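Pasting input38.cif here (mmCIF, C-alpha atoms, pLDDT in the B column; chains and numbers go by the auth columns):
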data_target
loop_
_atom_site.group_PDB
_atom_site.id
_atom_site.type_symbol
_atom_site.label_atom_id
_atom_site.label_comp_id
_atom_site.label_asym_id
_atom_site.label_seq_id
_atom_site.Cartn_x
_atom_site.Cartn_y
_atom_site.Cartn_z
_atom_site.B_iso_or_equiv
_atom_site.auth_seq_id
_atom_site.auth_asym_id
ATOM 1 C CA MET A 1 -11.786 6.826 7.546 50.00 1 C
ATOM 2 C CA SER A 2 -14.244 5.718 10.211 52.00 2 C
ATOM 3 C CA ALA A 3 -13.104 4.884 13.722 52.00 3 C
ATOM 4 C CA ARG A 4 -14.117 1.247 13.177 51.00 4 C
ATOM 5 C CA ILE A 5 -11.934 0.946 10.091 52.00 5 C
ATOM 6 C CA GLU A 6 -9.027 2.724 11.769 55.00 6 C
ATOM 7 C CA ASN A 7 -9.343 0.333 14.712 53.00 7 C
ATOM 8 C CA MET A 8 -9.426 -2.640 12.346 58.00 8 C
ATOM 9 C CA TYR A 9 -6.297 -1.449 10.561 58.00 9 C
ATOM 10 C CA THR A 10 -4.522 -0.692 13.845 59.00 10 C
ATOM 11 C CA LEU A 11 -5.498 -4.129 15.133 58.00 11 C
ATOM 12 C CA LEU A 12 -4.118 -5.816 12.032 62.00 12 C
ATOM 13 C CA VAL A 13 -0.850 -3.929 12.202 64.00 13 C
ATOM 14 C CA ALA A 14 -0.463 -4.626 15.922 58.00 14 C
ATOM 15 C CA HIS A 15 -1.243 -8.293 15.460 56.00 15 C
ATOM 16 C CA PHE A 16 1.190 -8.585 12.601 59.00 16 C
ATOM 17 C CA VAL A 17 3.933 -6.947 14.651 59.00 17 C
ATOM 18 C CA CYS A 18 3.230 -9.427 17.468 53.00 18 C
ATOM 19 C CA TRP A 19 3.337 -12.239 14.944 54.00 19 C
ATOM 20 C CA VAL A 20 6.683 -11.088 13.596 54.00 20 C
ATOM 21 C CA LEU A 21 8.131 -10.640 17.073 48.00 21 C
ATOM 22 C CA PHE A 22 6.784 -13.849 18.561 51.00 22 C
ATOM 23 C CA GLY A 23 6.365 -16.038 15.471 54.00 23 C
ATOM 24 C CA LYS A 24 2.599 -16.486 15.759 57.00 24 C
ATOM 25 C CA ALA A 25 -0.073 -15.805 13.194 60.00 25 C
ATOM 26 C CA ASP A 26 -2.826 -17.144 15.443 63.00 26 C
ATOM 27 C CA VAL A 27 -4.157 -13.613 15.863 65.00 27 C
ATOM 28 C CA PHE A 28 -5.598 -13.839 12.350 72.00 28 C
ATOM 29 C CA LYS A 29 -7.847 -16.655 13.522 73.00 29 C
ATOM 30 C CA LYS A 30 -10.082 -13.921 14.954 75.00 30 C
ATOM 31 C CA PHE A 31 -11.351 -13.402 11.413 77.00 31 C
ATOM 32 C CA LYS A 32 -12.313 -17.046 10.987 78.00 32 C
ATOM 33 C CA ASP A 33 -15.482 -18.827 12.013 77.00 33 C
ATOM 34 C CA GLU A 34 -14.492 -21.216 14.800 74.00 34 C
ATOM 35 C CA GLU A 35 -16.960 -23.920 13.806 75.00 35 C
ATOM 36 C CA GLU A 36 -16.405 -24.046 10.065 75.00 36 C
ATOM 37 C CA GLY A 37 -12.816 -22.792 9.960 75.00 37 C
ATOM 38 C CA LYS A 38 -13.629 -20.370 7.144 81.00 38 C
ATOM 39 C CA PHE A 39 -13.237 -16.634 7.139 81.00 39 C
ATOM 40 C CA GLU A 40 -16.279 -14.826 8.503 80.00 40 C
ATOM 41 C CA GLU A 41 -18.972 -14.022 5.967 81.00 41 C
ATOM 42 C CA SER A 42 -19.361 -10.541 7.490 79.00 42 C
ATOM 43 C CA LEU A 43 -15.966 -9.628 6.017 81.00 43 C
ATOM 44 C CA ILE A 44 -17.308 -10.163 2.506 84.00 44 C
ATOM 45 C CA THR A 45 -19.686 -7.219 2.792 84.00 45 C
ATOM 46 C CA ASP A 46 -17.099 -4.763 4.141 85.00 46 C
ATOM 47 C CA ALA A 47 -14.720 -3.913 1.323 87.00 47 C
ATOM 48 C CA GLN A 48 -12.613 -1.612 3.502 86.00 48 C
ATOM 49 C CA GLU A 49 -11.959 -4.386 6.021 85.00 49 C
ATOM 50 C CA LEU A 50 -11.202 -6.796 3.196 88.00 50 C
ATOM 51 C CA LEU A 51 -8.714 -4.330 1.740 88.00 51 C
ATOM 52 C CA SER A 52 -7.021 -3.885 5.130 84.00 52 C
ATOM 53 C CA LEU A 53 -6.793 -7.645 5.602 85.00 53 C
ATOM 54 C CA TYR A 54 -5.489 -8.017 2.037 88.00 54 C
ATOM 55 C CA GLU A 55 -2.713 -5.492 2.689 85.00 55 C
ATOM 56 C CA ALA A 56 -1.829 -7.270 5.948 81.00 56 C
ATOM 57 C CA THR A 57 -1.496 -10.595 4.110 82.00 57 C
ATOM 58 C CA GLN A 58 1.082 -9.023 1.823 81.00 58 C
ATOM 59 C CA LEU A 59 3.468 -8.842 4.765 74.00 59 C
ATOM 60 C CA MET A 60 3.993 -12.584 4.947 73.00 60 C
ATOM 61 C CA VAL A 61 7.455 -13.800 4.128 68.00 61 C
ATOM 62 C CA HIS A 62 8.052 -16.714 1.737 62.00 62 C
ATOM 63 C CA ARG A 63 4.501 -18.017 2.093 57.00 63 C
ATOM 64 C CA GLU A 64 5.386 -19.660 5.407 57.00 64 C
ATOM 65 C CA CYS A 65 2.078 -19.039 7.093 70.00 65 C
ATOM 66 C CA HIS A 66 -0.929 -21.112 6.040 78.00 66 C
ATOM 67 C CA ILE A 67 -3.528 -18.798 7.583 78.00 67 C
ATOM 68 C CA LEU A 68 -2.107 -15.773 5.755 79.00 68 C
ATOM 69 C CA GLU A 69 -2.121 -17.728 2.498 84.00 69 C
ATOM 70 C CA GLU A 70 -5.800 -18.515 3.097 85.00 70 C
ATOM 71 C CA ALA A 71 -6.498 -14.869 3.920 85.00 71 C
ATOM 72 C CA LEU A 72 -4.752 -13.761 0.723 87.00 72 C
ATOM 73 C CA VAL A 73 -6.889 -16.044 -1.440 90.00 73 C
ATOM 74 C CA PHE A 74 -10.054 -15.086 0.468 91.00 74 C
ATOM 75 C CA THR A 75 -9.472 -11.343 0.253 91.00 75 C
ATOM 76 C CA THR A 76 -8.300 -11.346 -3.365 93.00 76 C
ATOM 77 C CA THR A 77 -11.291 -13.377 -4.516 93.00 77 C
ATOM 78 C CA ASN A 78 -13.807 -11.276 -2.629 93.00 78 C
ATOM 79 C CA LEU A 79 -12.268 -7.913 -3.512 94.00 79 C
ATOM 80 C CA GLU A 80 -12.295 -8.859 -7.189 94.00 80 C
ATOM 81 C CA SER A 81 -15.957 -9.872 -6.965 92.00 81 C
ATOM 82 C CA LEU A 82 -16.847 -6.627 -5.150 92.00 82 C
ATOM 83 C CA LEU A 83 -15.067 -4.352 -7.641 92.00 83 C
ATOM 84 C CA PRO A 84 -18.058 -3.817 -9.970 92.00 84 C
ATOM 85 C CA HIS A 85 -20.245 -2.844 -6.989 91.00 85 C
ATOM 86 C CA LEU A 86 -17.901 -0.275 -5.419 91.00 86 C
ATOM 87 C CA ASN A 87 -18.010 3.449 -6.042 88.00 87 C
ATOM 88 C CA ASN A 88 -15.500 4.569 -8.655 86.00 88 C
ATOM 89 C CA LEU A 89 -13.091 6.148 -6.202 86.00 89 C
ATOM 90 C CA PHE A 90 -12.852 3.167 -3.878 88.00 90 C
ATOM 91 C CA ALA A 91 -12.871 0.736 -6.811 90.00 91 C
ATOM 92 C CA GLU A 92 -9.820 2.552 -8.169 89.00 92 C
ATOM 93 C CA GLN A 93 -8.082 2.193 -4.801 89.00 93 C
ATOM 94 C CA VAL A 94 -8.932 -1.514 -4.552 91.00 94 C
ATOM 95 C CA ASN A 95 -7.904 -2.210 -8.125 91.00 95 C
ATOM 96 C CA HIS A 96 -4.604 -0.420 -7.576 89.00 96 C
ATOM 97 C CA ALA A 97 -3.966 -2.402 -4.368 89.00 97 C
ATOM 98 C CA LEU A 98 -4.688 -5.687 -6.163 92.00 98 C
ATOM 99 C CA GLN A 99 -2.192 -4.789 -8.878 91.00 99 C
ATOM 100 C CA LEU A 100 0.459 -3.342 -6.579 86.00 100 C
ATOM 101 C CA PRO A 101 0.091 -3.868 -2.819 86.00 101 C
ATOM 102 C CA ILE A 102 1.543 -1.166 -0.561 80.00 102 C
ATOM 103 C CA ARG A 103 4.321 -3.454 0.665 79.00 103 C
ATOM 104 C CA LYS A 104 5.597 -4.055 -2.843 81.00 104 C
ATOM 105 C CA ALA A 105 5.468 -0.427 -3.927 80.00 105 C
ATOM 106 C CA LEU A 106 7.909 2.433 -3.657 82.00 106 C
ATOM 107 C CA THR A 107 6.515 4.556 -0.850 80.00 107 C
ATOM 108 C CA ARG A 108 7.146 7.966 -2.395 80.00 108 C
ATOM 109 C CA LEU A 109 5.680 7.018 -5.750 81.00 109 C
ATOM 110 C CA GLU A 110 2.658 5.456 -4.123 83.00 110 C
ATOM 111 C CA SER A 111 2.080 8.563 -2.042 85.00 111 C
ATOM 112 C CA ARG A 112 1.478 10.477 -5.273 85.00 112 C
ATOM 113 C CA THR A 113 -1.085 7.929 -6.410 84.00 113 C
ATOM 114 C CA TYR A 114 -2.791 7.960 -3.028 84.00 114 C
ATOM 115 C CA MET A 115 -2.923 11.784 -2.984 89.00 115 C
ATOM 116 C CA THR A 116 -4.820 11.704 -6.259 87.00 116 C
ATOM 117 C CA ILE A 117 -7.323 9.202 -4.875 84.00 117 C
ATOM 118 C CA TYR A 118 -7.578 10.992 -1.519 85.00 118 C
ATOM 119 C CA GLN A 119 -8.223 14.333 -3.221 90.00 119 C
ATOM 120 C CA GLU A 120 -11.361 12.921 -4.832 86.00 120 C
ATOM 121 C CA ASP A 121 -12.740 11.722 -1.479 84.00 121 C
ATOM 122 C CA ASP A 122 -15.412 14.105 -0.194 86.00 122 C
ATOM 123 C CA ARG A 123 -14.160 13.622 3.360 86.00 123 C
ATOM 124 C CA HIS A 124 -10.551 14.626 2.650 88.00 124 C
ATOM 125 C CA ASN A 125 -8.740 17.078 4.897 92.00 125 C
ATOM 126 C CA GLN A 126 -7.588 19.914 2.651 94.00 126 C
ATOM 127 C CA ILE A 127 -4.815 21.046 5.012 94.00 127 C
ATOM 128 C CA LEU A 128 -3.391 17.522 5.222 92.00 128 C
ATOM 129 C CA LEU A 129 -3.649 17.120 1.457 92.00 129 C
ATOM 130 C CA ASN A 130 -1.870 20.443 0.855 94.00 130 C
ATOM 131 C CA PHE A 131 0.865 19.464 3.288 93.00 131 C
ATOM 132 C CA ALA A 132 1.336 16.090 1.558 91.00 132 C
ATOM 133 C CA LYS A 133 1.571 17.772 -1.841 93.00 133 C
ATOM 134 C CA LEU A 134 4.034 20.338 -0.533 94.00 134 C
ATOM 135 C CA ASP A 135 6.167 17.605 1.027 92.00 135 C
ATOM 136 C CA PHE A 136 6.110 15.593 -2.200 91.00 136 C
ATOM 137 C CA ASN A 137 7.016 18.619 -4.334 92.00 137 C
ATOM 138 C CA LEU A 138 9.805 19.750 -2.008 93.00 138 C
ATOM 139 C CA LEU A 139 11.404 16.318 -2.050 91.00 139 C
ATOM 140 C CA GLN A 140 11.052 16.211 -5.820 90.00 140 C
ATOM 141 C CA LYS A 141 12.925 19.547 -6.024 93.00 141 C
ATOM 142 C CA VAL A 142 15.695 18.151 -3.795 92.00 142 C
ATOM 143 C CA HIS A 143 16.053 15.150 -6.091 90.00 143 C
ATOM 144 C CA GLN A 144 16.120 17.396 -9.155 93.00 144 C
ATOM 145 C CA ARG A 145 18.898 19.519 -7.620 93.00 145 C
ATOM 146 C CA GLU A 146 20.875 16.398 -6.737 93.00 146 C
ATOM 147 C CA LEU A 147 20.522 15.069 -10.278 92.00 147 C
ATOM 148 C CA SER A 148 21.561 18.392 -11.814 92.00 148 C
ATOM 149 C CA GLY A 149 24.639 18.357 -9.566 89.00 149 C
ATOM 150 C CA ILE A 150 25.608 14.923 -10.843 88.00 150 C
ATOM 151 C CA THR A 151 25.307 15.808 -14.524 79.00 151 C
#
This structure in structure tokens:
Amino acid sequence: MSARIENMYTLLVAHFVCWVLFGKADVFKKFKDEEEGKFEESLITDAQELLSLYEATQLMVHRECHILEEALVFTTTNLESLLPHLNNLFAEQVNHALQLPIRKALTRLESRTYMTIYQEDDRHNQILLNFAKLDFNLLQKVHQRELSGIT
């Protein structure tokens, strides 16, 4: 993940936390054109930023925030239109996110899916990937032992 994308994701998370704590979603206005009131066209060409913004919109509660509703429609529409033009690996990640956003998924089960996608990425860190697999398998063994103790 590039530093720019990591910064974008960190910014979104930080802004969302501020929004939750202080009840303001105004921080998402940074992604909108001030004159036209629409989301910036530059976002349309950056699928990774769109995906990050899409995942951030999934954190809204009971559709109470108009700007997050707009962002959800904007990101969903543009991610769907970009899907045919993305490389297979990233297209798989985007398609999976559109079907089941991170917030609505079971973390442990999603980690397995993400490991499979991450493994195919040429830039993956093999040590980190091995550690994630080991962690997943160890927890799976713990669950299996617990289940065998119950039966």
message: At a cut-off of 9 Å, using all atoms listed in the file, what residues contact Leu51 (chain C)? Leave out same-chain residues fewer than 2 positions from it and give the result as a PyMOL selection string.
response: chain C and resi 46-49+53-56+75-76+79+94+97-98
I need the chosen residues saved as a PDB file, keeping the file's coordinate frame, with C-alpha atoms.
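Final output, again07.pdb:
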ATOM      1  CA  ASP C  46     -17.099  -4.763   4.141  1.00 85.00           C
ATOM      2  CA  ALA C  47     -14.720  -3.913   1.323  1.00 87.00           C
ATOM      3  CA  GLN C  48     -12.613  -1.612   3.502  1.00 86.00           C
ATOM      4  CA  GLU C  49     -11.959  -4.386   6.021  1.00 85.00           C
ATOM      5  CA  LEU C  53      -6.793  -7.645   5.602  1.00 85.00           C
ATOM      6  CA  TYR C  54      -5.489  -8.017   2.037  1.00 88.00           C
ATOM      7  CA  GLU C  55      -2.713  -5.492   2.689  1.00 85.00           C
ATOM      8  CA  ALA C  56      -1.829  -7.270   5.948  1.00 81.00           C
ATOM      9  CA  THR C  75      -9.472 -11.343   0.253  1.00 91.00           C
ATOM     10  CA  THR C  76      -8.300 -11.346  -3.365  1.00 93.00           C
ATOM     11  CA  LEU C  79     -12.268  -7.913  -3.512  1.00 94.00           C
ATOM     12  CA  VAL C  94      -8.932  -1.514  -4.552  1.00 91.00           C
ATOM     13  CA  ALA C  97      -3.966  -2.402  -4.368  1.00 89.00           C
ATOM     14  CA  LEU C  98      -4.688  -5.687  -6.163  1.00 92.00           C
TER      15      LEU C  98
END
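When only C-alpha atoms are used to compute distances to Phe39 (chain C), the closest of the residues C:Ala91, C:Leu128, C:Leu100, C:Leu68 turns out to be C:Leu68.
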- line: Closest of C:Gln140, C:Ala132, C:Thr107, C:Ile102 to Gln119 (chain C), counting only C-alpha atoms, is C:Ala132
Each side padded by 3 Å, which centre and which edge lengths in Å (one decimal) define the axis-aligned box around the listed atoms of region 73-86 of chain C? Give them as lines of an AutoDock Vina configuration file.
center_x = -13.6
center_y = -8.2
center_z = -4.8
size_x = 19.4
size_y = 21.8
size_z = 16.4
task: Have a look at CA of Ser111 (chain C) and CA of Leu134 (chain C) and let me know their distance in Å, one decimal.
output: 12.0 Å
- prompt: For Gly37 (chain C), which residue among C:Glu70, C:Asn88, C:Gln58, C:Asn95 is the nearest when counting only C-alpha atoms?
  reply: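 Nearest to Gly37 (chain C): C:Glu70.
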- request: Write out as a ChimeraX atom specification the residues lying within 9 Å of Phe31 (chain C), counting only C-alpha atoms and excluding same-chain residues fewer than 6 positions away.
  value: /C:38-40,43
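Here the question is which of C:Leu50, C:Ile127, C:Leu147, C:Val142 gets nearest to Thr77 (chain C) using all atoms listed in the file, and that residue is C:Leu50.
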task: Please measure the separation of CA of Ala105 (chain C) and CA of Glu92 (chain C), giving the value in Å to one decimal.
output: 16.1 Å
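Picture a line from CA of Gln93 (chain C) to CA of His66 (chain C); it runs 26.7 Å.
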message: Using all atoms listed in the file for the distances, tell me which of C:His96, C:Ser81, C:Pro101, C:Asn87 is nearest to Glu120 (chain C).
response: C:Asn87
- request: Could you tell me which of C:Gln126, C:Met60, C:Ile44, C:Ile67 comes closest to Phe28 (chain C) if we count all atoms listed in the file?
  value: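 That would be C:Ile67, the residue with the smallest distance to Phe28 (chain C).
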